[in-house]
$ cat data-v3.json   # JSON, C-alpha atoms
[["chain", "number", "residue", "atom", "x", "y", "z"],
["M", 1, "MET", "CA", 56.82, -6.09, -17.46],
["M", 2, "SER", "CA", 55.26, -3.45, -19.68],
["M", 3, "PHE", "CA", 53.26, -3.70, -22.88],
["M", 4, "ASP", "CA", 54.84, -0.37, -23.83],
["M", 5, "ARG", "CA", 58.07, -2.25, -24.59],
["M", 6, "LEU", "CA", 56.48, -3.23, -27.90],
["M", 7, "ALA", "CA", 56.71, 0.37, -29.05],
["M", 8, "SER", "CA", 60.52, 0.18, -28.92],
["M", 9, "ALA", "CA", 60.74, -2.95, -31.12],
["M", 10, "THR", "CA", 62.53, -2.22, -34.38],
["M", 11, "THR", "CA", 62.48, -5.51, -36.29],
["M", 12, "PRO", "CA", 60.88, -5.49, -39.81],
["M", 13, "THR", "CA", 58.13, -7.72, -38.45],
["M", 14, "CYS", "CA", 57.53, -5.90, -35.16],
["M", 15, "HIS", "CA", 54.01, -4.95, -36.26],
["M", 16, "VAL", "CA", 53.05, -8.62, -36.74],
["M", 17, "GLY", "CA", 52.17, -10.74, -33.72],
["M", 18, "LEU", "CA", 51.50, -14.43, -33.26],
["M", 19, "GLY", "CA", 48.05, -15.51, -32.03],
["M", 20, "LEU", "CA", 47.71, -18.96, -30.50],
["M", 21, "ALA", "CA", 43.97, -19.58, -31.00],
["M", 22, "ALA", "CA", 44.58, -22.15, -33.77],
["M", 23, "VAL", "CA", 47.08, -24.33, -31.92],
["M", 24, "GLY", "CA", 46.14, -24.15, -28.24],
["M", 25, "ARG", "CA", 43.20, -26.55, -28.59],
["M", 26, "PRO", "CA", 42.37, -29.46, -30.91],
["M", 27, "ALA", "CA", 39.25, -27.87, -32.47],
["M", 28, "TYR", "CA", 38.69, -24.39, -33.89],
["M", 29, "ILE", "CA", 36.67, -22.78, -36.69],
["M", 30, "ASN", "CA", 39.59, -22.02, -39.05],
["M", 31, "LEU", "CA", 39.35, -23.60, -42.49],
["M", 32, "GLY", "CA", 41.94, -26.20, -43.49],
["M", 33, "ARG", "CA", 42.77, -27.57, -40.05],
["M", 34, "GLU", "CA", 42.51, -31.15, -41.30],
["M", 35, "ARG", "CA", 45.46, -30.31, -43.57],
["M", 36, "ASP", "CA", 47.42, -28.05, -41.24],
["M", 37, "LEU", "CA", 47.48, -30.05, -38.01],
["M", 38, "PRO", "CA", 48.43, -33.64, -37.10],
["M", 39, "ALA", "CA", 45.58, -36.12, -37.36],
["M", 40, "ASP", "CA", 46.29, -37.18, -33.77],
["M", 41, "ARG", "CA", 45.92, -33.85, -31.97],
["M", 42, "THR", "CA", 47.22, -34.87, -28.58],
["M", 43, "VAL", "CA", 48.24, -32.32, -26.00],
["M", 44, "GLU", "CA", 51.89, -33.08, -26.67],
["M", 45, "ALA", "CA", 51.48, -32.81, -30.44],
["M", 46, "LEU", "CA", 49.97, -29.33, -30.18],
["M", 47, "ARG", "CA", 52.46, -28.31, -27.51],
["M", 48, "GLU", "CA", 55.24, -29.22, -29.94],
["M", 49, "ARG", "CA", 53.55, -27.36, -32.81],
["M", 50, "THR", "CA", 53.07, -24.26, -30.63],
["M", 51, "HIS", "CA", 56.75, -24.30, -29.68],
["M", 52, "GLU", "CA", 57.77, -24.66, -33.34],
["M", 53, "LEU", "CA", 55.69, -21.61, -34.20],
["M", 54, "LEU", "CA", 57.07, -19.60, -31.30],
["M", 55, "ASP", "CA", 60.65, -20.49, -32.25],
["M", 56, "ALA", "CA", 60.04, -19.50, -35.87],
["M", 57, "ALA", "CA", 58.23, -16.29, -34.92],
["M", 58, "TYR", "CA", 60.95, -15.18, -32.53],
["M", 59, "ALA", "CA", 63.69, -15.95, -35.06],
["M", 60, "GLN", "CA", 61.86, -13.77, -37.61],
["M", 61, "GLY", "CA", 61.57, -10.79, -35.27],
["M", 62, "VAL", "CA", 58.02, -11.22, -33.98],
["M", 63, "ARG", "CA", 57.83, -9.78, -30.47],
["M", 64, "TYR", "CA", 54.15, -9.97, -29.52],
["M", 65, "VAL", "CA", 52.34, -13.24, -28.65],
["M", 66, "ASP", "CA", 48.59, -13.40, -27.99],
["M", 67, "ALA", "CA", 46.87, -16.11, -25.93],
["M", 68, "ALA", "CA", 43.61, -16.50, -23.98],
["M", 69, "ARG", "CA", 42.14, -18.56, -21.18],
["M", 70, "SER", "CA", 39.70, -20.07, -23.70],
["M", 71, "TYR", "CA", 42.39, -21.08, -26.19],
["M", 72, "GLY", "CA", 42.65, -24.51, -24.61],
["M", 73, "ARG", "CA", 46.15, -24.87, -23.17],
["M", 74, "SER", "CA", 47.71, -21.94, -25.03],
["M", 75, "GLU", "CA", 48.89, -20.18, -21.86],
["M", 76, "GLU", "CA", 50.42, -23.43, -20.61],
["M", 77, "PHE", "CA", 52.22, -24.06, -23.91],
["M", 78, "LEU", "CA", 53.47, -20.48, -23.98],
["M", 79, "ALA", "CA", 54.65, -20.64, -20.37],
["M", 80, "ASP", "CA", 56.57, -23.85, -21.12],
["M", 81, "TRP", "CA", 58.27, -22.18, -24.08],
["M", 82, "LEU", "CA", 59.21, -19.09, -22.09],
["M", 83, "ARG", "CA", 60.88, -21.28, -19.46],
["M", 84, "THR", "CA", 63.04, -22.93, -22.13],
["M", 85, "ARG", "CA", 63.88, -19.63, -23.84],
["M", 86, "PRO", "CA", 65.40, -17.26, -21.26],
["M", 87, "ASP", "CA", 66.88, -15.35, -24.19],
["M", 88, "ALA", "CA", 63.36, -14.35, -25.28],
["M", 89, "ASP", "CA", 63.01, -11.80, -22.50],
["M", 90, "ASP", "CA", 61.92, -9.10, -24.95],
["M", 91, "VAL", "CA", 58.72, -10.90, -26.00],
["M", 92, "VAL", "CA", 55.56, -9.00, -25.06],
["M", 93, "ILE", "CA", 52.81, -11.32, -23.82],
["M", 94, "GLY", "CA", 49.08, -10.70, -24.01],
["M", 95, "SER", "CA", 46.23, -12.90, -22.87],
["M", 96, "LYS", "CA", 42.47, -12.62, -22.43],
["M", 97, "TRP", "CA", 39.84, -13.52, -19.87],
["M", 98, "GLY", "CA", 36.06, -13.75, -20.16],
["M", 99, "TYR", "CA", 35.63, -17.11, -21.87],
["M", 100, "THR", "CA", 36.20, -20.51, -20.25],
["M", 101, "TYR", "CA", 37.35, -23.44, -22.37],
["M", 102, "THR", "CA", 34.88, -26.29, -21.75],
["M", 103, "ALA", "CA", 35.59, -28.91, -24.45],
["M", 104, "ASP", "CA", 38.03, -30.96, -22.33],
["M", 105, "TRP", "CA", 40.29, -31.51, -25.35],
["M", 106, "SER", "CA", 37.48, -32.97, -27.45],
["M", 107, "THR", "CA", 36.98, -32.03, -31.11],
["M", 108, "ASP", "CA", 33.27, -32.82, -31.10],
["M", 109, "ALA", "CA", 32.12, -31.23, -27.85],
["M", 110, "ALA", "CA", 28.63, -29.73, -27.84],
["M", 111, "GLN", "CA", 30.09, -26.49, -26.51],
["M", 112, "HIS", "CA", 33.73, -25.42, -26.68],
["M", 113, "GLU", "CA", 33.69, -22.25, -24.59],
["M", 114, "VAL", "CA", 31.41, -20.30, -22.25],
["M", 115, "LYS", "CA", 31.34, -16.50, -21.97],
["M", 116, "ASP", "CA", 31.28, -14.78, -18.58],
["M", 117, "HIS", "CA", 32.34, -11.14, -18.10],
["M", 118, "SER", "CA", 31.57, -11.01, -14.38],
["M", 119, "LEU", "CA", 33.95, -9.83, -11.66],
["M", 120, "ALA", "CA", 34.01, -13.37, -10.27],
["M", 121, "ALA", "CA", 35.12, -14.74, -13.64],
["M", 122, "TYR", "CA", 37.87, -12.12, -13.83],
["M", 123, "GLU", "CA", 39.17, -12.97, -10.36],
["M", 124, "ARG", "CA", 39.20, -16.69, -11.10],
["M", 125, "GLN", "CA", 40.80, -16.44, -14.51],
["M", 126, "ARG", "CA", 43.31, -13.80, -13.45],
["M", 127, "ALA", "CA", 44.58, -16.23, -10.81],
["M", 128, "GLU", "CA", 44.76, -19.03, -13.38],
["M", 129, "THR", "CA", 46.72, -16.87, -15.81],
["M", 130, "ALA", "CA", 49.04, -15.65, -13.06],
["M", 131, "GLU", "CA", 49.83, -19.23, -12.05],
["M", 132, "LEU", "CA", 51.03, -19.99, -15.58],
["M", 133, "LEU", "CA", 52.54, -16.74, -16.84],
["M", 134, "GLY", "CA", 53.41, -14.92, -13.63],
["M", 135, "ASP", "CA", 55.11, -11.60, -14.20],
["M", 136, "ARG", "CA", 55.65, -12.37, -17.90],
["M", 137, "LEU", "CA", 52.09, -11.20, -18.60],
["M", 138, "ASP", "CA", 52.09, -7.68, -20.05],
["M", 139, "LEU", "CA", 48.55, -7.23, -21.39],
["M", 140, "TYR", "CA", 45.26, -8.65, -20.07],
["M", 141, "GLN", "CA", 42.19, -8.15, -22.24],
["M", 142, "ILE", "CA", 38.47, -8.69, -21.77],
["M", 143, "HIS", "CA", 37.59, -11.29, -24.38],
["M", 144, "SER", "CA", 35.00, -10.40, -27.06],
["M", 145, "VAL", "CA", 33.23, -7.39, -25.64],
["M", 146, "THR", "CA", 29.89, -6.59, -27.30],
["M", 147, "PRO", "CA", 27.71, -3.52, -26.67],
["M", 148, "ASP", "CA", 25.56, -5.45, -24.17],
["M", 149, "SER", "CA", 28.53, -6.80, -22.18],
["M", 150, "PRO", "CA", 28.28, -6.14, -18.41],
["M", 151, "ALA", "CA", 32.03, -5.48, -18.53],
["M", 152, "LEU", "CA", 31.23, -2.04, -19.94],
["M", 153, "THR", "CA", 29.13, -0.98, -16.95],
["M", 154, "ASP", "CA", 30.40, -2.99, -13.95],
["M", 155, "ARG", "CA", 32.12, -0.35, -11.81],
["M", 156, "LYS", "CA", 33.43, -2.91, -9.32],
["M", 157, "LEU", "CA", 35.10, -4.77, -12.16],
["M", 158, "HIS", "CA", 36.51, -1.51, -13.49],
["M", 159, "ALA", "CA", 38.00, -0.75, -10.08],
["M", 160, "ARG", "CA", 39.70, -4.15, -9.90],
["M", 161, "LEU", "CA", 41.07, -3.75, -13.43],
["M", 162, "ALA", "CA", 42.36, -0.30, -12.50],
["M", 163, "GLU", "CA", 44.15, -1.81, -9.50],
["M", 164, "ALA", "CA", 45.89, -4.27, -11.84],
["M", 165, "ALA", "CA", 46.82, -1.39, -14.13],
["M", 166, "ALA", "CA", 48.29, 0.54, -11.20],
["M", 167, "GLN", "CA", 50.51, -2.48, -10.53],
["M", 168, "GLY", "CA", 51.88, -2.34, -14.09],
["M", 169, "LEU", "CA", 49.54, -4.56, -16.10],
["M", 170, "THR", "CA", 48.15, -3.07, -19.31],
["M", 171, "ILE", "CA", 44.36, -3.48, -19.53],
["M", 172, "GLY", "CA", 42.63, -3.92, -22.88],
["M", 173, "PHE", "CA", 39.60, -5.48, -24.53],
["M", 174, "SER", "CA", 38.75, -7.38, -27.69],
["M", 175, "THR", "CA", 35.56, -7.19, -29.74],
["M", 176, "SER", "CA", 33.48, -9.50, -31.90],
["M", 177, "GLY", "CA", 30.23, -9.36, -33.83],
["M", 178, "PRO", "CA", 28.57, -6.97, -36.26],
["M", 179, "ALA", "CA", 28.43, -4.14, -33.68],
["M", 180, "GLN", "CA", 32.16, -3.95, -32.98],
["M", 181, "ALA", "CA", 32.22, -0.20, -33.60],
["M", 182, "ASP", "CA", 29.55, 0.39, -30.94],
["M", 183, "ALA", "CA", 31.47, -1.72, -28.42],
["M", 184, "ILE", "CA", 34.72, 0.14, -29.14],
["M", 185, "ARG", "CA", 33.13, 3.55, -28.69],
["M", 186, "ALA", "CA", 31.42, 2.48, -25.46],
["M", 187, "ALA", "CA", 34.71, 1.14, -24.08],
["M", 188, "LEU", "CA", 36.45, 4.42, -24.88],
["M", 189, "GLU", "CA", 34.05, 6.10, -22.43],
["M", 190, "VAL", "CA", 34.99, 3.82, -19.51],
["M", 191, "THR", "CA", 37.02, 5.70, -16.92],
["M", 192, "VAL", "CA", 38.19, 5.16, -13.36],
["M", 193, "ASP", "CA", 38.95, 8.26, -11.29],
["M", 194, "GLY", "CA", 38.87, 10.32, -14.46],
["M", 195, "GLU", "CA", 41.40, 8.16, -16.30],
["M", 196, "ARG", "CA", 40.57, 6.03, -19.35],
["M", 197, "LEU", "CA", 40.70, 2.37, -18.28],
["M", 198, "PHE", "CA", 41.57, 0.62, -21.53],
["M", 199, "ARG", "CA", 44.87, 1.11, -23.34],
["M", 200, "THR", "CA", 44.48, -1.46, -26.12],
["M", 201, "VAL", "CA", 41.69, -2.74, -28.36],
["M", 202, "GLN", "CA", 41.80, -5.97, -30.35],
["M", 203, "SER", "CA", 39.22, -6.26, -33.13],
["M", 204, "THR", "CA", 38.38, -8.32, -36.18],
["M", 205, "TYR", "CA", 39.32, -6.47, -39.35],
["M", 206, "ASN", "CA", 40.04, -7.84, -42.81],
["M", 207, "VAL", "CA", 39.13, -7.16, -46.44],
["M", 208, "LEU", "CA", 35.76, -8.82, -45.90],
["M", 209, "GLU", "CA", 34.89, -7.16, -42.57],
["M", 210, "THR", "CA", 35.85, -3.49, -42.40],
["M", 211, "SER", "CA", 32.97, -2.07, -40.36],
["M", 212, "ALA", "CA", 35.07, -1.32, -37.26],
["M", 213, "GLU", "CA", 37.58, 0.86, -39.13],
["M", 214, "PRO", "CA", 36.22, 4.32, -38.16],
["M", 215, "ALA", "CA", 35.99, 3.33, -34.49],
["M", 216, "LEU", "CA", 39.47, 1.79, -34.55],
["M", 217, "ALA", "CA", 40.82, 5.01, -36.01],
["M", 218, "GLU", "CA", 39.13, 6.89, -33.17],
["M", 219, "ALA", "CA", 40.66, 4.52, -30.61],
["M", 220, "HIS", "CA", 44.10, 5.06, -32.14],
["M", 221, "GLU", "CA", 43.60, 8.81, -32.04],
["M", 222, "ALA", "CA", 42.65, 8.49, -28.36],
["M", 223, "GLY", "CA", 45.98, 6.81, -27.65],
["M", 224, "LEU", "CA", 45.02, 3.12, -27.61],
["M", 225, "THR", "CA", 47.15, 0.53, -29.36],
["M", 226, "VAL", "CA", 45.04, -1.29, -31.96],
["M", 227, "ILE", "CA", 45.62, -5.03, -32.37],
["M", 228, "VAL", "CA", 43.97, -6.63, -35.41],
["M", 229, "LYS", "CA", 42.75, -10.22, -35.18],
["M", 230, "GLU", "CA", 41.29, -12.54, -37.81],
["M", 231, "GLY", "CA", 43.04, -10.74, -40.63],
["M", 232, "MET", "CA", 42.66, -13.92, -42.67],
["M", 233, "ALA", "CA", 38.92, -14.24, -41.91],
["M", 234, "ASN", "CA", 39.42, -17.68, -40.36],
["M", 235, "GLY", "CA", 41.04, -18.96, -43.56],
["M", 236, "ARG", "CA", 38.57, -17.49, -46.05],
["M", 237, "LEU", "CA", 41.33, -15.26, -47.48],
["M", 238, "ALA", "CA", 43.92, -18.02, -47.90],
["M", 239, "GLU", "CA", 44.37, -20.36, -50.82],
["M", 240, "PRO", "CA", 42.27, -22.12, -52.02],
["M", 241, "HIS", "CA", 39.35, -20.22, -50.47],
["M", 242, "ALA", "CA", 40.40, -16.66, -51.35],
["M", 243, "PRO", "CA", 38.05, -14.67, -53.61],
["M", 244, "GLU", "CA", 39.23, -14.18, -57.17],
["M", 245, "PRO", "CA", 40.06, -10.43, -56.87],
["M", 246, "LEU", "CA", 42.45, -11.22, -54.03],
["M", 247, "LYS", "CA", 44.05, -14.03, -56.04],
["M", 248, "ALA", "CA", 44.48, -11.67, -58.99],
["M", 249, "VAL", "CA", 46.18, -8.98, -56.94],
["M", 250, "ALA", "CA", 48.40, -11.59, -55.31],
["M", 251, "ARG", "CA", 49.52, -12.83, -58.73],
["M", 252, "GLU", "CA", 50.27, -9.27, -59.84],
["M", 253, "ALA", "CA", 52.20, -8.49, -56.65],
["M", 254, "GLY", "CA", 54.15, -11.75, -56.78],
["M", 255, "HIS", "CA", 53.07, -12.73, -53.27],
["M", 256, "SER", "CA", 50.68, -15.18, -51.61],
["M", 257, "CYS", "CA", 47.07, -14.29, -50.88],
["M", 258, "ASP", "CA", 47.68, -14.29, -47.14],
["M", 259, "ALA", "CA", 50.60, -11.88, -47.40],
["M", 260, "VAL", "CA", 48.53, -9.50, -49.53],
["M", 261, "ALA", "CA", 45.53, -9.70, -47.20],
["M", 262, "LEU", "CA", 47.68, -8.85, -44.18],
["M", 263, "ALA", "CA", 49.60, -6.18, -46.08],
["M", 264, "LEU", "CA", 46.36, -4.32, -46.73],
["M", 265, "ILE", "CA", 45.79, -4.14, -42.96],
["M", 266, "LEU", "CA", 49.35, -3.01, -42.25],
["M", 267, "ARG", "CA", 48.74, -0.04, -44.54],
["M", 268, "ARG", "CA", 46.15, 1.31, -42.10],
["M", 269, "PRO", "CA", 47.75, 4.09, -40.01],
["M", 270, "TRP", "CA", 45.79, 3.02, -36.94],
["M", 271, "ALA", "CA", 46.94, -0.64, -37.02],
["M", 272, "GLY", "CA", 49.54, -1.16, -34.31],
["M", 273, "VAL", "CA", 49.86, -4.96, -34.37],
["M", 274, "VAL", "CA", 48.36, -7.41, -36.88],
["M", 275, "LEU", "CA", 48.08, -10.98, -35.63],
["M", 276, "SER", "CA", 49.08, -14.03, -37.60],
["M", 277, "GLY", "CA", 46.93, -17.01, -36.69],
["M", 278, "ALA", "CA", 49.22, -19.46, -38.45],
["M", 279, "ALA", "CA", 48.95, -23.16, -37.64],
["M", 280, "THR", "CA", 52.18, -24.19, -39.41],
["M", 281, "PRO", "CA", 55.64, -22.64, -39.61],
["M", 282, "GLY", "CA", 55.21, -22.37, -43.38],
["M", 283, "GLN", "CA", 52.02, -20.36, -42.98],
["M", 284, "LEU", "CA", 53.76, -18.12, -40.47],
["M", 285, "LEU", "CA", 56.69, -17.40, -42.77],
["M", 286, "SER", "CA", 54.25, -16.63, -45.59],
["M", 287, "ASN", "CA", 52.28, -14.26, -43.33],
["M", 288, "LEU", "CA", 55.50, -12.52, -42.32],
["M", 289, "ARG", "CA", 56.15, -11.48, -45.91],
["M", 290, "ALA", "CA", 53.27, -9.02, -45.59],
["M", 291, "PRO", "CA", 55.46, -6.02, -44.62],
["M", 292, "ALA", "CA", 57.32, -6.44, -47.93],
["M", 293, "VAL", "CA", 54.19, -6.39, -50.11],
["M", 294, "ASP", "CA", 53.87, -3.20, -52.17],
["M", 295, "LEU", "CA", 50.33, -2.50, -53.38],
["M", 296, "ASP", "CA", 49.35, 0.39, -55.63],
["M", 297, "GLU", "CA", 46.18, 2.41, -55.14],
["M", 298, "GLU", "CA", 44.33, 0.64, -57.95],
["M", 299, "GLN", "CA", 45.02, -2.76, -56.39],
["M", 300, "VAL", "CA", 43.92, -1.48, -52.98],
["M", 301, "ALA", "CA", 40.71, -0.16, -54.50],
["M", 302, "ARG", "CA", 39.95, -3.57, -56.04],
["M", 303, "LEU", "CA", 40.50, -5.31, -52.72],
["M", 304, "GLU", "CA", 38.27, -2.85, -50.91],
["M", 305, "THR", "CA", 35.32, -3.90, -53.09],
["M", 306, "LEU", "CA", 35.34, -7.27, -51.27],
["M", 307, "ALA", "CA", 33.89, -5.85, -48.05],
["M", 308, "GLU", "CA", 30.68, -7.56, -46.94],
["M", 309, "ASP", "CA", 27.81, -6.31, -44.84],
["M", 310, "PRO", "CA", 28.96, -7.02, -41.27],
["M", 311, "ARG", "CA", 25.79, -8.94, -40.42],
["M", 312, "THR", "CA", 26.40, -11.22, -43.40],
["M", 313, "TYR", "CA", 30.05, -11.68, -42.45],
["M", 314, "TRP", "CA", 29.36, -12.59, -38.83],
["M", 315, "GLN", "CA", 26.46, -14.86, -39.76],
["M", 316, "ARG", "CA", 28.77, -16.82, -42.03],
["M", 317, "ARG", "CA", 31.50, -16.89, -39.38],
["M", 318, "GLY", "CA", 28.98, -18.24, -36.88],
["M", 319, "GLN", "CA", 28.19, -21.11, -39.24],
["M", 320, "LEU", "CA", 31.80, -22.27, -39.53],
["M", 321, "PRO", "CA", 32.09, -25.71, -37.89],
["M", 322, "TRP", "CA", 34.60, -26.51, -35.17],
["M", 323, "HIS", "CA", 37.12, -28.82, -36.87]]
$ encode --input "data-v3.json" --output "structure tokens"
Amino acid sequence: MSFDRLASATTPTCHVGLGLAAVGRPAYINLGRERDLPADRTVEALRERTHELLDAAYAQGVRYVDAARSYGRSEEFLADWLRTRPDADDVVIGSKWGYTYTADWSTDAAQHEVKDHSLAAYERQRAETAELLGDRLDLYQIHSVTPDSPALTDRKLHARLAEAAAQGLTIGFSTSGPAQADAIRAALEVTVDGERLFRTVQSTYNVLETSAEPALAEAHEAGLTVIVKEGMANGRLAEPHAPEPLKAVAREAGHSCDAVALALILRRPWAGVVLSGAATPGQLLSNLRAPAVDLDEEQVARLETLAEDPRTYWQRRGQLPWH
């Protein structure tokens, strides 16, 4: 199946996707999880929550779902849902490799995931993803590329990714950290037999962290689809944590803080898909009001003053505890 099918989606919410990072594992760094998720976060409880979110997202016109090998059992939960929903054959599925989930369903593990961008890790995780998602996988991304990632220079890995692309799989990458722009520009230079390898980029962008914007615009201009993650800054832009200027604009616009925060991203001409990381159906429905939010230029200007230095932003993100 082809990631390009997403371009033909015409629902009002076709530019909003559902990310499964928050519900595929019992612990994550998002704020408010003690309120949003069941106290007893068993595998079955989170499987049920994931399926509720997928049902609600599909009913509201969402057609892109984003998982990862390191998101606990997100691929498994998604595969189970796809088997029960043969009518959802127009859903575009993306996943990521490069991190291994190591917490064994514990909320207090010393380490929750381990990064490895080697060819061996790709081969192993590609087989694991294929076992669960089979030919339903449309997009496979390298997870959290940074400028020093060996994935940017490993020609053997590039050749294997190009082979997968030749067989119909779309190849992309995601970025993290204060040097996202450098990683994006380096990835744009990766070619195999004269052809650009990557066709999508998934980066963190929100009103607090805007440093990747010029590079994302360049990627869009080069023909890549841009997927935006962490539009809610891991809960820092949702009530009750949202900064006062965001709350003020939300009151003026008659919408929730989360809808306004995501609406600002949807205004960017380079933003192809903006991910909702909702943990409850109510949060998802609130996020999906973003396309209907109408902001004037003065309101946009006020929101743009919230941008932080990227080093400050990522330092704070790195201090968020796994709940």
$ closest_residue --input "data-v3.json" --among "M:Thr175, M:Val207, M:Asp296, M:Tyr313" --to "Ile265 in chain M" --atoms "all atoms listed in the file"
M:Val207
$ residues_near_point --input "data-v3.json" --point "(43.8, -29.7, -23.2)" --cutoff "7 Å" --atoms "only C-alpha atoms" --output "list of chain:residue names"
M:Arg25, M:Val43, M:Gly72, M:Arg73, M:Asp104, M:Trp105
$ residues_around --input "data-v3.json" --residues "Gly61 in chain M" --least-positions-apart "2" --cutoff "9 Å" --atoms "only C-alpha atoms" --output "list in words"
Ala9, Thr10, Thr11, Pro12, Thr13, Cys14, Val16, Ala56, Ala57, Tyr58, Ala59 and Arg63 of chain M
$ closest_residue --input "data-v3.json" --among "M:Ala179, M:Leu53, M:Ala127, M:Ile171" --to "Glu213 in chain M" --atoms "only C-alpha atoms"
M:Ala179
$ closest_residue --input "data-v3.json" --among "M:Tyr28, M:Tyr140, M:Phe3, M:Trp270" --to "Ala215 in chain M" --atoms "all atoms listed in the file"
M:Trp270
